[in-house]
Amino acid sequence: MTEREYNDCVNSYADNVFRFIVKNLRHEEDAKDVVQSAFEKLWRNRENVEVEKCKSYLFTVAYNQMIDHLRKAKRVSLKDEFHADVKTHEQPVHNAQQTLRVALSRLSDTQRSLVMLKDYEGYSYEEIGKIMSLNESQVKVYLHRARLTLRNYLVSPENVM
């Protein structure tokens with residue numbers, strides 16, 4: 001891959017990769033870091049990456065960087081102090097976008113990534129399999145289970161508007 005081809009890849013896929021990562025991490029600054037490190041890795045390995053496969057390579061690297069980031073974040077535990085005298089109550093969710101965000105947050109990292117890649121980004125089962133190192137059958141099964149989980153949450157009485 002030449003420098004020009006690398007720049008074309010960046011121009012073509014930067015927004016898609018960022019959108020995918022930020023929807024999974026739900027933190028813009030962390031997503032920027034993950035995407036930047038994915039493009040850095042692509043740059044370092046540009047001689048070994050075929051131009052036709054740069055999209056798949058880029059999403060695979062970004063996905064793996066995101067998983068590493070999530071694993072690191074889980075190791076860091078913060079202790080919040082709660083006061084017994086503070087009363088809280090939950091507000092009912094009336095916003096469809098917020099309800100969907102909560103529903104997606106209930107999925108595992110793998111399921112959420114599958115839903116994002118298929119339903120938000122429009123990738124084929126084969127492409128998703130390459131990105132996430134799964135075979136096509138696994139992608140279909142995991143995606144089906146994720147959609148069932150989403151459906152069951154979204155049609156529950158407390159979420160119906």
# chains A, B, ... in the order shown; residues from 1 in each chain; ligands from 1
call {"tool": "residues_around", "arguments": {"residues": "stretch 9-13 of chain A", "least_positions_apart": "3", "cutoff": "10 Å", "atoms": "only C-alpha atoms", "output": "list of chain:residue names"}}
result
A:Met1, A:Glu3, A:Arg4, A:Glu5, A:Tyr6, A:Asn16, A:Val17, A:Phe18, A:Arg19, A:Phe39, A:Leu42, A:Val51, A:Glu52, A:Cys54, A:Lys55, A:Leu58, A:Phe59
call {"tool": "closest_residue", "arguments": {"among": "A:Leu154, A:Met132, A:Val102, A:Val139", "to": "A:Tyr57", "atoms": "only C-alpha atoms"}}
result
A:Met132
call {"tool": "residues_around", "arguments": {"residues": "stretch 68-70 of chain A", "least_positions_apart": "4", "cutoff": "9 Å", "atoms": "only C-alpha atoms", "output": "ChimeraX atom specification"}}
result
/A:25,30,34,63-64,74-75,109
call {"tool": "closest_residue", "arguments": {"among": "A:Met66, A:Ile21, A:Leu104, A:Ala38", "to": "A:Tyr153", "atoms": "only C-alpha atoms"}}
result
A:Leu104
call {"tool": "closest_residue", "arguments": {"among": "A:Lys140, A:Arg151, A:Arg71, A:Lys130", "to": "A:Arg106", "atoms": "only C-alpha atoms"}}
result
A:Arg151
call {"tool": "atom_distance", "arguments": {"atom1": "atom CA of A:Gln138", "atom2": "atom CA of A:Asp119"}}
result
16.4 Å
call {"tool": "atom_distance", "arguments": {"atom1": "atom CA of A:Asp15", "atom2": "atom CA of A:Ala146"}}
result
24.8 Å
call {"tool": "atom_distance", "arguments": {"atom1": "atom CA of A:Thr60", "atom2": "atom CA of A:Ser133"}}
result
8.2 Å
call {"tool": "residues_around", "arguments": {"residues": "A:Ser37", "least_positions_apart": "6", "cutoff": "10 Å", "atoms": "only C-alpha atoms", "output": "list in words"}}
result
Ala31, Trp43, Val61, Ala62, Gln65 and Met66 of chain A
call {"tool": "closest_residue", "arguments": {"among": "A:Leu107, A:Ile128, A:Ala73, A:Val35", "to": "A:Leu148", "atoms": "only C-alpha atoms"}}
result
A:Leu107
call {"tool": "closest_residue", "arguments": {"among": "A:Lys41, A:Lys23, A:Tyr120, A:Leu114", "to": "A:Glu136", "atoms": "only C-alpha atoms"}}
result
A:Leu114
